[in-house]
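Before any comments, here is the structure.
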Amino acid sequence: MSGLWIVIAAALFSIGPSDVPGDSKELMGPRVQTRRGILETSLKRFDEAVAFQDHRNPQARKKYREALDGFQTLIRDGVNNGHLYYNAANAQMRLGDIGQAIANYRRASRLLPNDANVRQNLEFARSLCEIQIPSPAADAVAETLFFWYFDTAPVARTRVALTAYMLCWLLLLGRLLLRRRFPVLAWTAMVTAIVALAAGGSVAWDMHITRNRTEGVIIADEAVLRKGNGESYQPQLDRPLPQGVEFKILEIREDVRANVWYRVELRDGKDGWLRADRAEVI
Amino acid sequence: MNHGRSFLLSVAMVLYLSANASGTSISATVSSTHCKLDEVLTLRVQVKNPTQASAPTPPATKIFAIRLMGRPSHSQETRIINGRVSQSESYVYSYEVRPLRQGRFKIPSFTLKDGGKTYRTKPILVNIGKSAPRKSRPLSCEVLTQRDTAFIGEPVALTLEAWVQKFRQRETGTLSAQTMWGLFDQNASTFGVFADAALNVPTVREARRRDNQGLLQEYYVYAWNITVYPKTPGPLDFGEIVIAWQYPVKLRRSLLRLHHEKSPRQLRISPKLPTLEIKPIPLADRPADYNGAIGTFTISTSAKPTQAPVGDPITLTMTIRSDQPLDGLRPPKLDQVEALTGDFEISGESLAGELYQGRKVFSQTIRALREDVTAIPSIPMSFFNPETERYETTWSKSIPVKITPAERLALANGESVTMTPSVLTPLVETTDGLRANFADIDQMLADESGGFGTGSIILLGIMPTLYVVTWFITRRSVRFREDVALRRRRQAHGNAKKRLRQAEKLGQPDQIYGLVLSYVADRCNVPAAGLTRSDAMDLLTDRNAPDDLRTALDSFLESLELSQYAGGAAMSRNETVGRARNFIDELERCDLK
């Protein structure tokens with residue numbers, strides 16, 4: 001009897017997130033082929049544009065634009081991939097759209113937190129922002145304490161959560177089936193349960209953040225931060241904010257003309273209201 | 001004599017005709033015998049049956065500027081007449097002939113040397129009229145600039161404008177700017193200093209101006225804009241600029257296209273050039289750190305990291321902003337900044353800089369020389385301001401840094417040495433510039449968002465369900481194992497049946513007797529050994545076994561005792577086994593608790 005349960009458990013153990021029916025590539029065969037074609041063309045256009053050396057050349061800009069259109073088509077089609085966001089951001093950097101590039105680098109870093117290329121390009125993009133706002137110390141503390149969250153990709157944490165979860169239940173089953181009591185099984189099961197809770201909780205938190213997006217970046221050349229949600233309110237700062245400035249969204253409201261406004265908080269704690277069409281939500 | 005002369009003449013004619021029927025010849029035709037000074041003529045020279053394809057030589061003349069246009073057209077012809085095959089080929093060379101003077105002149109002969117002979121075209125007489133006043137011409141152009149002086153290296157904005165009079169015709173209406181642009185002759189035009197800008201489509205606007213007769217004329221103005229950086233003093237050399245246009249004379253429309261019903265006018269015009277004097281930048285009062293920048297600039301700096309050991313690299317990023325073009329801007333001369341070189345070592349790398357809208361970014365690696373260094377000093381940016389005609393310097397803000405002691409190496413002899421840059425010079429990565437794209441297509445098409453899909457949710461549910469089911473099963477078996485009474489009760493019937501089967505084969509009445517009593521002992525959880533019939537009956541009475549069943553069992557057991565001990569009438573083995581089985585089955589159905 002116990003042997004039968006172990007066999008069933010082993011079969012279930014072999015199921016991972018990528019093996020779940022409905023996500024297999026075979027079901028999406030023709031669609032994958034079309035996406036592949038778009039991606040190949042976009043990468044080629046980007047390389048052709050780079051060959052011009054001067055990225056302000058009109059022909060180079062045209063090719064960067066074509067490459068970006070291809071990457072964005074795939075993103076709109078539902079491909080949620082860190083490397084894709086990274087490449088799209090590179091094209092936007094070449095076109096001078098620093099704000100949108102930062103938004104895409106942020107999306108890429110969420111999916112690839114350990115990628116050095118993403119990190120460096122994001123830092124470089126931020127260095128080009130005309131206003132440099134340093135990160136508060138609290139962010140640095142949180143990043144140190146929860147390094148396992150900030151340094152691992154959501155896919156990896158999902159796999160860890162599911163594996164720890166299954167291992168925990170298998171250990172509990174083992175305790176049930178074995179005649180002799182082994183305390184180590186109970187302790188190990190507890191540890192795996194904690195790991196599964198932590199990893200699974202972090203994945204659930206990622207899903208919550210993605211669903212309720214609360215961060216953004218300014219993409220317009222200039223955006224005026226106002227004291228209220230309307231153009232008639234006075235500016236909050238002595239000058240407009242340039243593209244590339246990042247913020248947290250605290251509230252969303254419309255004005256009398258049905259324009260959407262965000263109440264935002266900048267990294268240094270200053271807050272104000274920003275027109276939604278001046279920014280992009282990450 | 002007359003007959004002889006006639007004969008010789010005929011022979012000569014025959015020879016001449018036969019020679020020319022398949023021999024080399026050259027001829028020239030011109031597009032028009034009348035043109036104006038701002039127009040060009042197209043002259044076509046046809047060479048038939050050359051031994052080798054070489055272009056005729058244009059004549060040397062001061063009246064016309066002659067230029068070969070493109071490659072010749074080539075044709076071959078084969079004729080079969082009365083069975084005789086003859087072949088001929090011809091080359092047509094097109095020349096642009098631009099008159100330089102007004103009057104009646106002959107276009108001199110073109111010559112061709114072929115097969116050891118020289119062939120010439122006939123001169124062509126053309127009338128060259130004076131061109132219309134500039135403001136009344138259908139095509140005019142000019143070069144514009146906002147200034148009349150500039151300094152060497154200073155960016156100067158220039159605009160080349162081509163004014164093309166709108167063409168109107170009753171049948172076709174007014175041609176659009178795009179249609180007029182289609183008549184621009186790119187191949188015949190030269191752009192001089194505007195050569196790079198000519199690769200792009202110009203901007204176009206509509207404009208009006210009065211001609212020499214005071215009539216308001218409408219134009220399309222095509223403009224090319226460039227910025228030049230003069231390199232030599234003196235008047236700016238604009239190069240040779242000639243704008244060529246095929247201006248329509250009469251058009252007709254067929255379906256969706258327009259055709260020239262009459263040959264268009266081949267207009268050529270050179271622009272009126274402004275006077276732009278280039279002055280050298282003064283040497284007096286030039287700062288030591290001046291790097292050739294002309295205009296007005298601001299500089300800002302940042303450093304990463306701001307805390308480092310002595311000798312470790314720090315990336316100093318300098319951002320220079322200006323409303324002037326920054327393409328050719330060189331980085332600030334940091335080696336001329338004493339406050340910086342006194343505290344930091346500057347690497348000798350040459351900096352190309354990255355150009356973005358309105359700013360240029362340079363990155364330089366510097367290393368602190370001592371622990372007591374507390375700041376990266378302000379960095380100057382000197383430039384020549386052409387408006388004030390003086391050198392000016394702008395400064396960045398200083399950056400506080402924290403320099404910690406350098407790491408020390410322990411040597412084998414017990415001494416230690418500081419790891420200074422002169423001992424170890426590690427390679428340093430620059431932090432500016434973009435890293436390359438990611439190119440693994442399969443990996444880029446994979447979904448990396450994580451999260452719990454349908455399969456994961458199923459898995460999350462299956463495991464606890466498995467556990468619960470297993471728990472129930474194991475609990476039941478543990479209980480069964482530990483509860484003796486329960487185990488005896490559950491196994492009593494099976495054991496009794498098994499023994500009955502054995503007894504059926506070999507059994508003696510005492511076996512059946514003991515088997516039944518054992519069954520009762522198992523059901524009641526009492527020791528089987530020493531259990532008597534009366535004990536069994538008492539047990540059954542205590543456990544509320546039905547009276548009739550108990551009585552019948554008692555009789556059955558008594559009969560077995562009698563047959564065993566008192567020699568009473570014995571039942572057959574089968575009957576004994578059958579009755580015992582029935583009693584056991586009936587007792588099994590009773591709840592003996």
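Order determines the names: the first chain of the structure tokens is A, the second B, and so forth; residues in each chain are numbered 1 upward, and ligands are numbered 1 upward as they are shown.
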
- Query: Quick one: which residues from chain B are at most 9 Å off chain A, using only C-alpha atoms, as a count of residues only?
  - Reply: 43

- Surrounding residues of Ile269 in chain B excluding itself and chain neighbours under 2 positions, 10 Å, only C-alpha atoms, as a ChimeraX atom specification: /B:37-40,137,139-142,162,189,241-245,267,271-272

Export of the given selection (N, CA and C atoms) as a PDB file, in the first residue's frame:
```pdb
ATOM      1  N   LEU B  37      19.455  81.133 -70.748  1.00  0.00           N
ATOM      2  CA  LEU B  37      20.695  80.949 -69.999  1.00  0.00           C
ATOM      3  C   LEU B  37      20.531  80.035 -68.784  1.00  0.00           C
ATOM      4  N   ASP B  38      19.308  80.005 -68.214  1.00  0.00           N
ATOM      5  CA  ASP B  38      19.126  79.160 -67.022  1.00  0.00           C
ATOM      6  C   ASP B  38      18.569  77.780 -67.383  1.00  0.00           C
ATOM      7  N   GLU B  39      18.674  77.413 -68.637  1.00  0.00           N
ATOM      8  CA  GLU B  39      18.205  76.100 -69.062  1.00  0.00           C
ATOM      9  C   GLU B  39      19.363  75.306 -69.639  1.00  0.00           C
ATOM     10  N   VAL B  40      19.121  74.060 -69.865  1.00  0.00           N
ATOM     11  CA  VAL B  40      20.142  73.222 -70.508  1.00  0.00           C
ATOM     12  C   VAL B  40      19.507  72.528 -71.709  1.00  0.00           C
ATOM     13  N   ARG B 137      11.779  83.992 -62.561  1.00  0.00           N
ATOM     14  CA  ARG B 137      12.137  82.672 -63.080  1.00  0.00           C
ATOM     15  C   ARG B 137      11.272  81.609 -62.414  1.00  0.00           C
ATOM     16  N   LEU B 139      12.362  78.803 -61.597  1.00  0.00           N
ATOM     17  CA  LEU B 139      13.210  78.123 -60.611  1.00  0.00           C
ATOM     18  C   LEU B 139      14.273  79.104 -60.141  1.00  0.00           C
ATOM     19  N   SER B 140      14.397  79.251 -58.852  1.00  0.00           N
ATOM     20  CA  SER B 140      15.502  80.039 -58.311  1.00  0.00           C
ATOM     21  C   SER B 140      15.902  79.398 -57.002  1.00  0.00           C
ATOM     22  N   CYS B 141      17.131  79.668 -56.576  1.00  0.00           N
ATOM     23  CA  CYS B 141      17.525  79.110 -55.283  1.00  0.00           C
ATOM     24  C   CYS B 141      18.487  80.037 -54.593  1.00  0.00           C
ATOM     25  N   GLU B 142      18.579  79.897 -53.318  1.00  0.00           N
ATOM     26  CA  GLU B 142      19.488  80.708 -52.541  1.00  0.00           C
ATOM     27  C   GLU B 142      19.903  79.972 -51.292  1.00  0.00           C
ATOM     28  N   ALA B 162      15.141  76.100 -52.607  1.00  0.00           N
ATOM     29  CA  ALA B 162      14.849  76.073 -54.043  1.00  0.00           C
ATOM     30  C   ALA B 162      13.409  76.537 -54.211  1.00  0.00           C
ATOM     31  N   SER B 189      21.800  67.480 -60.411  1.00  0.00           N
ATOM     32  CA  SER B 189      22.008  68.515 -59.389  1.00  0.00           C
ATOM     33  C   SER B 189      23.273  68.210 -58.600  1.00  0.00           C
ATOM     34  N   ILE B 241      27.107  74.370 -56.234  1.00  0.00           N
ATOM     35  CA  ILE B 241      25.691  74.032 -56.004  1.00  0.00           C
ATOM     36  C   ILE B 241      24.931  74.345 -57.288  1.00  0.00           C
ATOM     37  N   VAL B 242      24.326  73.335 -57.865  1.00  0.00           N
ATOM     38  CA  VAL B 242      23.486  73.514 -59.060  1.00  0.00           C
ATOM     39  C   VAL B 242      22.197  72.732 -58.817  1.00  0.00           C
ATOM     40  N   ILE B 243      21.077  73.419 -58.933  1.00  0.00           N
ATOM     41  CA  ILE B 243      19.778  72.762 -58.756  1.00  0.00           C
ATOM     42  C   ILE B 243      19.180  72.572 -60.143  1.00  0.00           C
ATOM     43  N   ALA B 244      18.795  71.352 -60.458  1.00  0.00           N
ATOM     44  CA  ALA B 244      18.249  71.029 -61.781  1.00  0.00           C
ATOM     45  C   ALA B 244      16.798  70.594 -61.633  1.00  0.00           C
ATOM     46  N   TRP B 245      15.961  71.095 -62.524  1.00  0.00           N
ATOM     47  CA  TRP B 245      14.544  70.752 -62.467  1.00  0.00           C
ATOM     48  C   TRP B 245      14.008  70.594 -63.879  1.00  0.00           C
ATOM     49  N   LEU B 267      15.790  73.068 -66.520  1.00  0.00           N
ATOM     50  CA  LEU B 267      16.272  74.255 -65.817  1.00  0.00           C
ATOM     51  C   LEU B 267      17.471  73.911 -64.944  1.00  0.00           C
ATOM     52  N   PRO B 271      22.703  78.927 -56.805  1.00  0.00           N
ATOM     53  CA  PRO B 271      22.071  79.845 -55.848  1.00  0.00           C
ATOM     54  C   PRO B 271      22.890  81.107 -55.642  1.00  0.00           C
ATOM     55  N   LYS B 272      22.172  82.067 -55.145  1.00  0.00           N
ATOM     56  CA  LYS B 272      22.838  83.277 -54.670  1.00  0.00           C
ATOM     57  C   LYS B 272      23.440  82.934 -53.313  1.00  0.00           C
TER      58      LYS B 272
END
```

- Item | One-decimal distance in Å that lies between CA of Ala580 in chain B and CA of Phe556 in chain B |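 Those two atoms sit 8.3 Å apart.
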
Gly116 in chain B surroundings by only C-alpha atoms, 12 Å radius, close-in-sequence under 6 positions cut, as a tab-separated table (two decimals) with C-alpha atoms, in the first residue's frame:
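So the final result, stored in selection-v1.tsv, reads:
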```tsv
chain	number	residue	atom	x	y	z
B	24	THR	CA	31.00	53.33	-88.56
B	50	PRO	CA	31.86	51.14	-83.86
B	51	THR	CA	34.64	48.63	-83.63
B	52	GLN	CA	34.84	49.34	-79.90
```

- Mind checking which residues fall within 7 Å of Thr394 in chain B, counting only C-alpha atoms, ignoring those fewer than 6 positions away in the same chain, and posting them as a PyMOL selection string? chain B and resi 298-299+380-382

- Which residues come within 7 Å of range 491-504 of chain B, counting only C-alpha atoms, excluding same-chain residues fewer than 2 positions away, as a list in words?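 Near neighbours after the sequence-gap exclusion: Arg487, Arg488, Arg489, Leu506, Gly507, Gln511, Leu515, Tyr519, Asp522, Arg523, Arg573, Asn574, Val577 and Glu588 of chain B.
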
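For the atom pair formed by CA of Val337 in chain B and CA of Lys304 in chain B, the distance is 19.7 Å, given to one decimal.
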
Can you pull out the residues contacting Ala293 in chain B? Cut-off 9 Å, using only C-alpha atoms, and skip same-chain residues under 2 positions away; I want them as a PDB file with C-alpha atoms, in the first residue's frame.
```pdb
ATOM      1  CA  GLY B 153      34.692  75.207 -35.299  1.00  0.00           C
ATOM      2  CA  GLU B 154      31.544  77.138 -34.440  1.00  0.00           C
ATOM      3  CA  TYR B 290      39.831  74.679 -23.374  1.00  0.00           C
ATOM      4  CA  ASN B 291      38.843  71.732 -25.565  1.00  0.00           C
ATOM      5  CA  GLY B 295      28.808  78.124 -27.806  1.00  0.00           C
ATOM      6  CA  THR B 296      27.359  78.121 -24.288  1.00  0.00           C
ATOM      7  CA  PHE B 297      27.494  75.012 -22.112  1.00  0.00           C
ATOM      8  CA  LEU B 326      27.305  68.363 -29.558  1.00  0.00           C
ATOM      9  CA  GLY B 328      32.109  67.053 -32.280  1.00  0.00           C
ATOM     10  CA  LEU B 329      32.400  68.089 -28.633  1.00  0.00           C
ATOM     11  CA  ARG B 330      35.495  66.711 -26.945  1.00  0.00           C
ATOM     12  CA  MET B 381      34.226  73.316 -18.748  1.00  0.00           C
ATOM     13  CA  SER B 382      35.778  76.145 -20.748  1.00  0.00           C
ATOM     14  CA  PHE B 383      34.260  77.292 -23.980  1.00  0.00           C
ATOM     15  CA  PHE B 384      34.423  80.189 -26.377  1.00  0.00           C
ATOM     16  CA  ASN B 385      31.229  82.220 -26.400  1.00  0.00           C
TER      17      ASN B 385
END
```

Could you give me, as a CSV table (one decimal) with N, CA, C and O atoms, in the first residue's frame, the residues within 12 Å of Arg170 in chain B, counting only C-alpha atoms and dropping anything in the same chain fewer than 4 positions from it?
```csv
chain,number,residue,atom,x,y,z
B,174,THR,N,-3.5,72.7,-60.7
B,174,THR,CA,-2.2,73.1,-60.2
B,174,THR,C,-1.5,71.8,-59.7
B,174,THR,O,-2.1,71.1,-58.9
B,175,LEU,N,-0.3,71.7,-60.1
B,175,LEU,CA,0.4,70.5,-59.6
B,175,LEU,C,0.8,70.6,-58.1
B,175,LEU,O,1.1,71.7,-57.7
B,250,LYS,N,3.9,71.6,-71.1
B,250,LYS,CA,2.5,71.2,-71.3
B,250,LYS,C,2.3,69.8,-70.9
B,250,LYS,O,3.1,68.9,-71.3
B,251,LEU,N,1.3,69.5,-70.2
B,251,LEU,CA,1.0,68.2,-69.7
B,251,LEU,C,-0.3,67.7,-70.2
B,251,LEU,O,-1.2,68.5,-70.5
B,252,ARG,N,-0.4,66.4,-70.2
B,252,ARG,CA,-1.7,65.8,-70.4
B,252,ARG,C,-1.9,64.7,-69.5
B,252,ARG,O,-1.0,64.0,-69.0
B,253,ARG,N,-3.2,64.4,-69.1
B,253,ARG,CA,-3.5,63.4,-68.2
B,253,ARG,C,-4.0,62.2,-68.9
B,253,ARG,O,-4.9,62.3,-69.7
```

- Task: Output as a ChimeraX atom specification all residues of range 26-262 of chain A that backbone DSSP marks as helix (DSSP H, G or I).
- Result: /A:26-50,58-76,82-94,98-111,116-127,137-145,147-150,154-177,183-211

- Item | Filtered DSSP result for range 53-281 of chain A, state strand (DSSP E), as a PyMOL selection string | chain A and resi 215-218+222-223+241-242+246-254+260-266+271-275+279-281

- Item | Straight-line distance linking CA of His260 in chain B with CA of Ser32 in chain B, stated in Å to one decimal |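 These atoms are spaced 15.4 Å apart.
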